[in-house]
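One file, target_34.tsv, carrying TSV, C-alpha atoms and all ligand atoms:
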```tsv
chain	number	residue	atom	x	y	z
M	372	MET	CA	-84.45	17.77	-13.20
M	373	ALA	CA	-80.66	18.06	-12.93
M	374	PHE	CA	-79.51	20.82	-10.62
M	375	ASP	CA	-76.21	22.60	-10.69
M	376	ILE	CA	-74.87	21.60	-7.27
M	377	LYS	CA	-71.43	23.14	-6.77
M	378	ILE	CA	-69.02	20.99	-4.80
M	379	ASN	CA	-66.17	22.27	-2.68
M	380	LYS	CA	-64.36	19.31	-1.11
M	381	VAL	CA	-62.30	19.31	2.07
M	382	GLY	CA	-58.54	19.23	1.67
M	383	GLN	CA	-58.16	16.49	4.24
M	384	SER	CA	-60.91	14.08	5.37
M	385	LYS	CA	-61.49	13.49	9.10
M	386	ILE	CA	-62.54	9.91	8.51
M	387	ASN	CA	-59.37	8.46	10.03
M	388	GLN	CA	-60.31	10.03	13.37
M	389	LEU	CA	-63.47	7.87	13.61
M	390	ASP	CA	-63.29	4.50	15.35
M	391	PHE	CA	-65.89	2.55	13.35
M	392	ASP	CA	-66.06	-0.07	16.10
M	393	ASN	CA	-67.06	2.50	18.67
M	394	ILE	CA	-69.11	5.28	17.10
M	395	PRO	CA	-70.32	7.84	19.65
M	396	LEU	CA	-74.03	8.64	19.40
M	397	GLY	CA	-74.83	11.86	17.54
M	398	THR	CA	-71.46	13.55	17.99
M	399	SER	CA	-69.48	12.58	14.92
M	400	PHE	CA	-70.17	14.22	11.60
M	401	THR	CA	-68.93	13.61	8.08
M	402	ASP	CA	-66.69	16.02	6.19
M	403	HIS	CA	-69.32	17.84	4.14
M	404	MET	CA	-72.82	19.33	4.21
M	405	PHE	CA	-75.31	20.21	1.51
M	406	ILE	CA	-76.54	23.78	1.81
M	407	CYS	CA	-78.95	26.05	-0.05
M	408	ASP	CA	-80.24	29.59	0.61
M	409	TYR	CA	-83.70	31.05	0.24
M	410	GLU	CA	-83.71	34.71	-0.76
M	411	ASN	CA	-85.99	36.95	-2.83
M	412	GLY	CA	-88.61	34.20	-2.95
M	413	GLU	CA	-86.43	31.40	-4.37
M	414	TRP	CA	-83.94	28.73	-3.40
M	415	VAL	CA	-80.50	29.61	-4.77
M	416	ASN	CA	-76.94	28.35	-4.79
M	417	PRO	CA	-77.29	24.64	-3.90
M	418	ARG	CA	-73.81	23.49	-2.93
M	419	ILE	CA	-71.79	20.97	-0.97
M	420	GLU	CA	-69.20	22.48	1.32
M	421	PRO	CA	-66.93	21.36	4.12
M	422	LEU	CA	-69.00	21.01	7.31
M	423	ARG	CA	-68.28	24.01	9.49
M	424	PRO	CA	-70.03	26.30	11.98
M	425	ILE	CA	-72.26	28.88	10.31
M	426	PRO	CA	-72.12	32.46	11.61
M	427	THR	CA	-75.54	33.31	13.05
M	428	HIS	CA	-76.89	36.80	13.67
M	429	PRO	CA	-78.24	37.06	17.24
M	430	ALA	CA	-81.57	38.23	15.75
M	431	ALA	CA	-81.87	35.19	13.43
M	432	MET	CA	-85.60	34.56	13.54
M	433	ALA	CA	-85.35	30.78	14.13
M	434	LEU	CA	-83.74	31.51	17.51
M	435	HIS	CA	-86.64	33.71	18.65
M	436	TYR	CA	-89.78	32.59	16.84
M	437	GLY	CA	-88.86	28.98	16.16
M	438	GLN	CA	-89.28	28.70	12.40
M	439	ALA	CA	-87.19	25.52	12.27
M	440	ILE	CA	-88.14	22.11	10.87
M	441	PHE	CA	-86.18	18.96	10.22
M	442	GLU	CA	-86.16	15.45	8.79
M	443	GLY	CA	-84.39	12.26	9.80
M	444	MET	CA	-83.43	9.32	7.64
M	445	LYS	CA	-80.64	6.82	7.11
M	446	ALA	CA	-78.36	5.63	4.29
M	447	TYR	CA	-77.35	1.96	4.28
M	448	LYS	CA	-74.99	-0.13	2.17
M	449	ASP	CA	-76.00	-3.22	0.22
M	450	PRO	CA	-73.70	-6.28	0.21
M	451	ASN	CA	-71.82	-4.81	-2.81
M	452	GLY	CA	-71.14	-1.61	-0.89
M	453	THR	CA	-73.68	0.45	-2.87
M	454	PRO	CA	-75.25	3.18	-0.71
M	455	MET	CA	-79.05	3.16	-0.53
M	456	LEU	CA	-81.63	5.59	0.81
M	457	PHE	CA	-84.98	4.44	2.22
M	458	ARG	CA	-87.97	6.17	0.57
M	459	PRO	CA	-86.34	9.65	0.54
M	460	GLU	CA	-89.18	11.17	-1.50
M	461	HIS	CA	-91.43	10.74	1.54
M	462	ASN	CA	-89.05	12.78	3.68
M	463	ALA	CA	-89.08	15.47	0.98
M	464	LYS	CA	-92.89	15.57	1.06
M	465	ARG	CA	-93.03	15.58	4.86
M	466	LEU	CA	-90.55	18.48	5.05
M	467	ASN	CA	-92.93	20.49	2.88
M	468	LEU	CA	-95.91	19.47	5.01
M	469	SER	CA	-93.99	20.83	8.01
M	470	ALA	CA	-93.03	23.94	6.02
M	471	ASP	CA	-96.72	24.62	5.22
M	472	ARG	CA	-97.72	24.50	8.88
M	473	MET	CA	-94.81	26.67	10.01
M	474	GLY	CA	-95.21	29.38	7.35
M	475	MET	CA	-91.98	28.42	5.62
M	476	PRO	CA	-91.25	28.01	1.90
M	477	HIS	CA	-91.40	24.63	0.19
M	478	PHE	CA	-88.05	23.10	-0.71
M	479	PRO	CA	-88.09	21.51	-4.22
M	480	GLU	CA	-88.62	17.78	-3.64
M	481	ASP	CA	-86.35	16.69	-6.49
M	482	LEU	CA	-83.54	18.95	-5.23
M	483	PHE	CA	-84.03	17.47	-1.73
M	484	VAL	CA	-83.48	13.95	-3.11
M	485	GLU	CA	-80.65	15.01	-5.41
M	486	GLY	CA	-78.89	16.86	-2.58
M	487	LEU	CA	-79.12	13.73	-0.43
M	488	ARG	CA	-77.82	11.52	-3.21
M	489	GLU	CA	-74.86	13.83	-3.94
M	490	LEU	CA	-73.96	14.09	-0.26
M	491	VAL	CA	-74.27	10.34	0.34
M	492	SER	CA	-72.24	9.63	-2.78
M	493	LEU	CA	-69.46	11.92	-1.58
M	494	GLU	CA	-69.57	10.54	1.99
M	495	ARG	CA	-70.03	6.85	1.08
M	496	GLN	CA	-66.90	5.87	3.04
M	497	TRP	CA	-68.62	7.11	6.19
M	498	ILE	CA	-71.46	4.57	6.02
M	499	PRO	CA	-70.46	2.10	8.74
M	500	PRO	CA	-70.15	-1.45	7.44
M	501	GLN	CA	-71.52	-3.37	10.46
M	502	GLN	CA	-75.02	-4.84	10.26
M	503	GLY	CA	-77.41	-2.50	12.09
M	504	SER	CA	-75.24	0.57	11.46
M	505	ALA	CA	-76.09	3.39	9.09
M	506	LEU	CA	-75.28	6.93	8.09
M	507	TYR	CA	-77.92	9.11	9.74
M	508	LEU	CA	-78.98	12.05	7.56
M	509	ARG	CA	-80.44	15.21	8.97
M	510	PRO	CA	-82.04	17.59	6.46
M	511	PHE	CA	-83.34	20.78	8.10
M	512	MET	CA	-84.58	24.27	7.34
M	513	TYR	CA	-84.48	27.36	9.54
M	514	ALA	CA	-85.12	31.09	9.36
M	515	ASP	CA	-81.76	32.86	9.39
M	516	GLU	CA	-83.08	36.35	8.67
M	517	PRO	CA	-82.08	38.86	11.36
M	518	PHE	CA	-85.36	40.54	12.35
M	519	ILE	CA	-87.19	41.31	15.57
M	520	GLY	CA	-90.93	41.13	15.04
M	521	MET	CA	-93.59	38.51	14.48
M	522	ARG	CA	-93.95	37.65	10.84
M	523	ALA	CA	-92.77	34.91	8.49
M	524	ALA	CA	-89.08	35.21	7.72
M	525	THR	CA	-87.99	35.92	4.16
M	526	HIS	CA	-84.55	34.31	4.38
M	527	PHE	CA	-83.97	30.65	5.17
M	528	LYS	CA	-81.26	28.03	4.99
M	529	PHE	CA	-81.77	24.40	4.03
M	530	ILE	CA	-78.95	22.09	5.10
M	531	ILE	CA	-78.31	18.35	5.06
M	532	MET	CA	-75.68	16.96	7.38
M	533	ALA	CA	-74.67	13.38	8.01
M	534	SER	CA	-73.63	11.51	11.13
M	535	PRO	CA	-72.48	7.87	11.25
M	536	SER	CA	-74.40	5.80	13.77
M	537	GLY	CA	-73.23	2.52	15.25
M	538	PRO	CA	-75.13	-0.77	15.35
M	539	PHE	CA	-78.54	-0.46	16.90
M	540	PHE	CA	-80.24	-3.43	18.48
M	541	SER	CA	-83.95	-3.24	19.14
M	542	LYS	CA	-84.79	-3.79	22.77
M	543	ARG	CA	-87.94	-4.08	24.80
M	544	ILE	CA	-89.07	-0.72	26.12
M	545	LYS	CA	-91.38	0.66	28.78
M	546	LEU	CA	-93.57	3.68	28.06
M	547	TRP	CA	-95.08	6.21	30.40
M	548	ALA	CA	-98.65	7.23	29.43
M	549	GLU	CA	-98.51	10.95	30.16
M	550	ASN	CA	-101.67	12.38	31.65
M	551	TYR	CA	-100.65	15.97	32.35
M	552	PHE	CA	-98.29	17.23	29.66
M	553	ILE	CA	-99.38	17.04	26.02
M	554	ARG	CA	-97.49	16.92	22.74
M	555	ALA	CA	-100.10	18.05	20.26
M	556	ALA	CA	-103.60	19.50	20.15
M	557	HIS	CA	-105.94	19.65	17.17
M	558	GLY	CA	-104.99	22.65	15.09
M	559	GLY	CA	-101.50	22.69	16.60
M	560	THR	CA	-98.19	21.62	15.09
M	561	GLY	CA	-98.30	17.88	15.90
M	562	GLU	CA	-97.98	16.57	12.37
M	563	ALA	CA	-95.14	18.97	11.56
M	564	LYS	CA	-91.59	17.90	12.32
M	565	ALA	CA	-91.04	21.26	13.99
M	566	ALA	CA	-88.11	21.80	16.35
M	567	GLY	CA	-90.43	23.30	18.97
M	568	ASN	CA	-92.40	20.05	19.29
M	569	TYR	CA	-89.24	18.36	20.49
M	570	ALA	CA	-88.30	21.20	22.84
M	571	ALA	CA	-91.67	20.84	24.56
M	572	ALA	CA	-91.18	17.08	24.92
M	573	ILE	CA	-87.81	17.26	26.67
M	574	ARG	CA	-89.01	17.94	30.22
M	575	PRO	CA	-91.85	15.35	30.18
M	576	THR	CA	-89.41	12.78	28.76
M	577	GLU	CA	-86.90	13.51	31.51
M	578	LEU	CA	-89.63	13.04	34.11
M	579	ALA	CA	-90.73	9.75	32.53
M	580	LYS	CA	-87.10	8.56	32.57
M	581	SER	CA	-86.77	9.50	36.23
M	582	LYS	CA	-89.70	7.12	36.89
M	583	GLY	CA	-87.86	4.29	35.10
M	584	TYR	CA	-89.52	4.54	31.68
M	585	ASP	CA	-87.81	4.82	28.30
M	586	GLN	CA	-90.16	7.20	26.50
M	587	VAL	CA	-93.44	9.04	26.80
M	588	LEU	CA	-96.67	7.69	25.33
M	589	TRP	CA	-98.57	10.82	24.31
M	590	LEU	CA	-102.32	11.07	24.83
M	591	ASP	CA	-104.71	13.57	23.25
M	592	ALA	CA	-104.76	17.12	24.55
M	593	ALA	CA	-108.46	17.46	25.27
M	594	GLU	CA	-109.26	14.35	27.34
M	595	HIS	CA	-106.01	12.40	27.84
M	596	LYS	CA	-107.92	9.45	26.50
M	597	TYR	CA	-106.80	8.74	22.95
M	598	ILE	CA	-103.32	7.44	22.14
M	599	GLN	CA	-101.28	9.56	19.72
M	600	GLU	CA	-97.67	8.36	19.45
M	601	VAL	CA	-94.45	7.76	21.36
M	602	GLY	CA	-91.44	10.15	21.85
M	603	THR	CA	-89.90	9.63	18.40
M	604	MET	CA	-92.04	6.76	17.16
M	605	ASN	CA	-95.50	5.88	15.95
M	606	ILE	CA	-97.25	3.03	17.72
M	607	PHE	CA	-98.98	-0.22	16.73
M	608	PHE	CA	-101.06	-2.59	18.89
M	609	LYS	CA	-102.02	-6.15	17.98
M	610	ILE	CA	-105.39	-6.98	19.55
M	611	ASN	CA	-107.14	-10.24	18.75
M	612	GLY	CA	-105.09	-10.78	15.61
M	613	GLU	CA	-105.66	-7.27	14.21
M	614	PHE	CA	-103.16	-4.41	14.13
M	615	ILE	CA	-104.38	-0.98	15.17
M	616	THR	CA	-102.46	2.27	14.86
M	617	PRO	CA	-103.73	5.77	15.65
M	618	GLU	CA	-105.05	7.55	12.56
M	619	LEU	CA	-103.23	10.58	11.14
M	620	ASP	CA	-105.59	13.19	12.57
M	621	GLY	CA	-103.28	16.21	12.35
M	622	SER	CA	-101.66	15.64	15.73
M	623	VAL	CA	-99.52	12.63	14.82
M	624	LEU	CA	-96.31	12.63	12.76
M	625	HIS	CA	-96.68	10.91	9.38
M	626	GLY	CA	-93.97	8.35	10.12
M	627	ILE	CA	-92.33	6.79	7.09
M	628	THR	CA	-91.60	3.63	9.07
M	629	ARG	CA	-95.30	3.64	10.08
M	630	LEU	CA	-96.36	3.81	6.44
M	631	SER	CA	-93.94	1.02	5.49
M	632	VAL	CA	-94.99	-1.20	8.42
M	633	ILE	CA	-98.66	-0.83	7.45
M	634	GLU	CA	-97.79	-1.91	3.90
M	635	LEU	CA	-95.62	-4.78	5.14
M	636	LEU	CA	-98.19	-6.07	7.65
M	637	ARG	CA	-100.93	-6.04	4.99
M	638	HIS	CA	-98.57	-7.83	2.62
M	639	LEU	CA	-98.06	-10.48	5.32
M	640	GLY	CA	-101.84	-10.92	5.45
M	641	PHE	CA	-102.64	-8.99	8.64
M	642	LYS	CA	-105.58	-6.68	8.99
M	643	VAL	CA	-104.34	-3.16	9.86
M	644	THR	CA	-106.76	-0.45	10.95
M	645	GLU	CA	-105.93	3.23	11.32
M	646	ARG	CA	-108.39	4.63	13.84
M	647	LYS	CA	-108.76	6.35	17.18
M	648	ILE	CA	-107.72	4.08	20.04
M	649	THR	CA	-108.11	4.80	23.73
M	650	ILE	CA	-105.77	3.90	26.56
M	651	GLN	CA	-108.82	2.29	28.23
M	652	GLU	CA	-109.13	-0.09	25.27
M	653	ILE	CA	-105.51	-1.16	25.82
M	654	ILE	CA	-106.09	-1.66	29.55
M	655	GLU	CA	-109.11	-3.87	28.79
M	656	ALA	CA	-107.32	-5.82	26.05
M	657	SER	CA	-104.48	-6.50	28.48
M	658	GLU	CA	-106.93	-7.63	31.17
M	659	ASN	CA	-108.87	-9.95	28.89
M	660	LYS	CA	-105.64	-11.24	27.29
M	661	THR	CA	-106.43	-10.09	23.74
M	662	LEU	CA	-103.49	-7.65	23.70
M	663	GLU	CA	-100.94	-9.76	21.84
M	664	GLU	CA	-98.12	-7.32	21.17
M	665	ALA	CA	-97.30	-3.66	20.64
M	666	PHE	CA	-94.37	-1.85	19.09
M	667	GLY	CA	-93.10	1.59	18.19
M	668	THR	CA	-91.84	2.41	14.70
M	669	GLY	CA	-89.26	5.03	13.69
M	670	THR	CA	-86.13	5.67	11.67
M	671	ALA	CA	-83.82	5.71	14.67
M	672	VAL	CA	-84.78	2.33	16.08
M	673	GLY	CA	-86.76	0.56	13.36
M	674	ILE	CA	-89.11	-1.40	15.63
M	675	ALA	CA	-89.06	-1.09	19.43
M	676	TYR	CA	-91.00	-3.81	21.22
M	677	ILE	CA	-93.20	-2.52	24.02
M	678	GLN	CA	-93.17	-4.53	27.19
M	679	GLU	CA	-95.09	-2.31	29.56
M	680	ILE	CA	-97.07	0.93	29.67
M	681	GLY	CA	-97.01	2.75	32.99
M	682	LEU	CA	-99.94	4.92	34.07
M	683	GLU	CA	-100.94	6.91	37.11
M	684	GLY	CA	-101.84	4.21	39.64
M	685	GLY	CA	-100.73	1.10	37.74
M	686	ALA	CA	-99.09	-0.47	34.72
M	687	ILE	CA	-100.27	-2.37	31.67
M	688	HIS	CA	-98.30	-5.47	30.92
M	689	VAL	CA	-98.18	-5.70	27.12
M	690	SER	CA	-96.18	-8.78	26.18
M	691	ASP	CA	-92.84	-10.45	26.73
M	692	GLU	CA	-92.50	-11.45	23.09
M	693	SER	CA	-93.29	-9.67	19.82
M	694	PRO	CA	-93.13	-12.31	17.09
M	695	VAL	CA	-94.74	-10.19	14.39
M	696	GLY	CA	-92.75	-7.10	15.40
M	697	LEU	CA	-89.58	-9.16	15.17
M	698	LYS	CA	-90.49	-10.47	11.73
M	699	VAL	CA	-91.32	-6.95	10.49
M	700	ASN	CA	-88.08	-5.58	11.91
M	701	ASP	CA	-85.98	-8.31	10.30
M	702	THR	CA	-87.74	-7.81	6.96
M	703	LEU	CA	-87.31	-4.03	7.04
M	704	ASN	CA	-83.63	-4.34	7.95
M	705	ALA	CA	-83.05	-6.94	5.23
M	706	ILE	CA	-84.67	-4.69	2.60
M	707	LYS	CA	-82.76	-1.62	3.79
M	708	THR	CA	-79.41	-3.43	3.58
M	709	GLY	CA	-80.10	-5.23	0.31
M	710	LEU	CA	-80.19	-8.70	1.88
M	711	GLN	CA	-83.77	-9.17	0.73
M	712	LYS	CA	-85.29	-8.31	-2.64
M	713	ASP	CA	-86.82	-4.83	-2.62
M	714	GLU	CA	-90.18	-5.97	-3.93
M	715	PHE	CA	-91.89	-2.77	-2.80
M	716	GLY	CA	-89.50	-0.49	-4.71
M	717	TRP	CA	-88.57	1.40	-1.54
M	718	MET	CA	-84.82	1.70	-1.94
M	719	ASN	CA	-83.12	4.54	-3.79
M	720	LYS	CA	-79.66	3.30	-4.81
M	721	VAL	CA	-76.74	5.68	-5.22
M	722	GLU	CA	-75.08	3.44	-7.81
M	723	LYS	CA	-72.12	5.39	-9.02
M	724	GLU	CA	-69.90	8.19	-7.86
M	725	LEU	CA	-72.04	11.21	-8.60
M	726	VAL	CA	-69.46	13.79	-7.74
R	1	LIG	C1	-92.58	12.44	16.96
R	1	LIG	C2	-92.19	11.35	16.03
R	1	LIG	N1	-93.09	10.41	15.70
R	1	LIG	C3	-92.79	9.42	14.84
R	1	LIG	C4	-91.53	9.31	14.27
R	1	LIG	C5	-91.24	8.21	13.31
R	1	LIG	O1	-91.12	8.71	11.99
R	1	LIG	P1	-90.21	7.96	10.92
R	1	LIG	O2	-90.72	6.58	10.83
R	1	LIG	O3	-90.42	8.73	9.65
R	1	LIG	O4	-88.82	8.04	11.43
R	1	LIG	C6	-90.55	10.27	14.60
R	1	LIG	C7	-89.21	10.19	14.02
R	1	LIG	O5	-88.90	10.95	13.17
R	1	LIG	C8	-90.89	11.31	15.49
R	1	LIG	O6	-89.98	12.23	15.82
```
Represent the structure from my file as structure tokens, please.
Ligand SMILES: Cc1ncc(COP(=O)(O)O)c(C=O)c1O
Amino acid sequence: MAFDIKINKVGQSKINQLDFDNIPLGTSFTDHMFICDYENGEWVNPRIEPLRPIPTHPAAMALHYGQAIFEGMKAYKDPNGTPMLFRPEHNAKRLNLSADRMGMPHFPEDLFVEGLRELVSLERQWIPPQQGSALYLRPFMYADEPFIGMRAATHFKFIIMASPSGPFFSKRIKLWAENYFIRAAHGGTGEAKAAGNYAAAIRPTELAKSKGYDQVLWLDAAEHKYIQEVGTMNIFFKINGEFITPELDGSVLHGITRLSVIELLRHLGFKVTERKITIQEIIEASENKTLEEAFGTGTAVGIAYIQEIGLEGGAIHVSDESPVGLKVNDTLNAIKTGLQKDEFGWMNKVEKELV
């Protein structure tokens, strides 16, 4: 469906202020944002406007009751300079999965993708050219209705903003298996990309970093026994030639990189099993030398190779090399940047100037 997206361009772009050889992390933003309002039970007035602060009523319900969800994805350029999005329809679906859990309205999936395409088309100059760089896209929805009281809001905003991100090189990481704090319990909000999930992870992540680890490895809420996921990544283990990743049991984010890595690994001929996996199983696999490699998967980093998992009273040495992880990372990056044929039909090209 074609939507009537009104476009109000900036008079003067800020692009000349950005040093593309030295892009600061998460602090530079493009000139425009896509924005849409929810009122009287429908989404109205989709538009692209100059990026600017939005006046917020102090009683805006997102600030008090946390009805706020988001997505994260990246736009890349192929060798001809054509912008491309990676499986954006999955982000649209996941936003609505989050919206369901948080009592928020669905955002039309085709408008989500069209809004992204229009914004990326307009901001194509902001996609950094260096290999490993991308334009990070942040779609989000929050309750902006001023109201004090516990009920679902009736007024929301949906916004997409864009932030160039410099080259990212996958490194080996160390995880801390957290045995006190939890991220998600059954029946909770774990599979929603809800802002509050991240708020609750900040303190445990800081503590893990103070112990010398890069990110938290979350274990289940009831027994601290089953592995869920990593800070902003899903996790894969290779044991005895087989890949195992925790099943999507309601407490794990439905990672789009996870989905793609499962498809890619199977395409490469590996067996991949989605099931419950305990930290004890990983300890034993490490001890009996059947733990071959492990990696995290996510939009921000692609694949992060796991070297070590720290636990109360010890550490699990995972591996010093991740040959399959490396191969998967290279393949994903080559598909995302058009250097390899997109045989899975994952890329959504923004061929021409849409605006
Ligand atoms: C908690 C969490 N798990 C997993 C992921 C990986 O998801 P994706 O591959 O869609 O980026 C993310 C990143 O968005 C995340 O925040």
Non-local contacts of Asn416 (chain M) (7 Å; all atoms listed in the file; under 2 positions in same chain excluded) as a count of residues only: 3
For Glu594 (chain M): contacts at 12 Å, all atoms listed in the file, fewer than 6 positions along chain excluded, given as a PyMOL selection string: chain M and resi 549-553+556-557+649-650
Top pick for closest residue to Ala524 (chain M), considering M:Met475, M:Ile674, M:Leu710, M:Ala430 and counting all atoms listed in the file: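 For Ala524 (chain M), the nearest of the candidates is M:Met475.
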At most 10 Å from ligand LIG 1 (chain R) (all atoms listed in the file): residue list as a VMD selection string: chain M and resid 441 to 445 458 461 to 462 465 554 to 555 561 to 566 568 to 569 572 589 599 to 606 622 to 632 667 to 674
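For the choices M:Gly621, M:Pro575, M:Gly583, M:Gly503, the atom-to-atom distance to Leu703 (chain M) is smallest for M:Gly503 when using all atoms listed in the file.
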Compile a residue-level contact table for region 479-561 of chain M against region 720-723 of chain M at a cut-off of 9 Å, reporting for every qualifying residue the shortest atom pair and its distance in Å to one decimal, with all atoms listed in the file counted, rows ordered by chain and ascending number, as a tab-separated table.
```
residue	atom	partner	partner_atom	distance
M:Arg488	CA	M:Val721	CA	6.3
M:Glu489	CA	M:Val721	CA	8.5
M:Val491	CA	M:Val721	CA	7.7
M:Ser492	CA	M:Val721	CA	6.5
```
Nearby residues (all atoms listed in the file) at most 6 Å from Phe405 (chain M), same-chain spacing under 5 positions excluded, as a PyMOL selection string: chain M and resi 418-419+530-531
Pick from M:His428, M:Lys380, M:Arg509, M:Arg423 nearest to Ile440 (chain M), counting all atoms listed in the file: M:Arg509
Atom-to-atom span, CA of Asp515 (chain M) and CA of Ala570 (chain M), Å: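 Atom-to-atom, CA of Asp515 (chain M) to CA of Ala570 (chain M), that is 19.0 Å.
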Using all atoms listed in the file: which of M:Ala548, M:Ala579, M:Ile598, M:Val695 has the shortest distance to Ile680 (chain M):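 Closest candidate: M:Ala548.
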Among the residues M:Leu456, M:Ala433, M:Leu493, M:Ala446, the one that comes closest to Val381 (chain M) [using only C-alpha atoms]: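 Closest candidate: M:Leu493.
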One-decimal distance in Å that lies between CA of Thr427 (chain M) and CA of Pro517 (chain M):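 Rounded to one decimal, the two atoms are 8.7 Å apart.
Distances here use all atoms listed in the file; by that measure, the residue among M:Val699, M:Thr560, M:Glu410, M:Leu396 closest to Ala470 (chain M) is M:Thr560.
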Interatomic distance (Å, one decimal) between CA of Pro510 (chain M) and CA of Met532 (chain M):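 Straight-line distance from CA of Pro510 (chain M) to CA of Met532 (chain M) works out to 6.5 Å.
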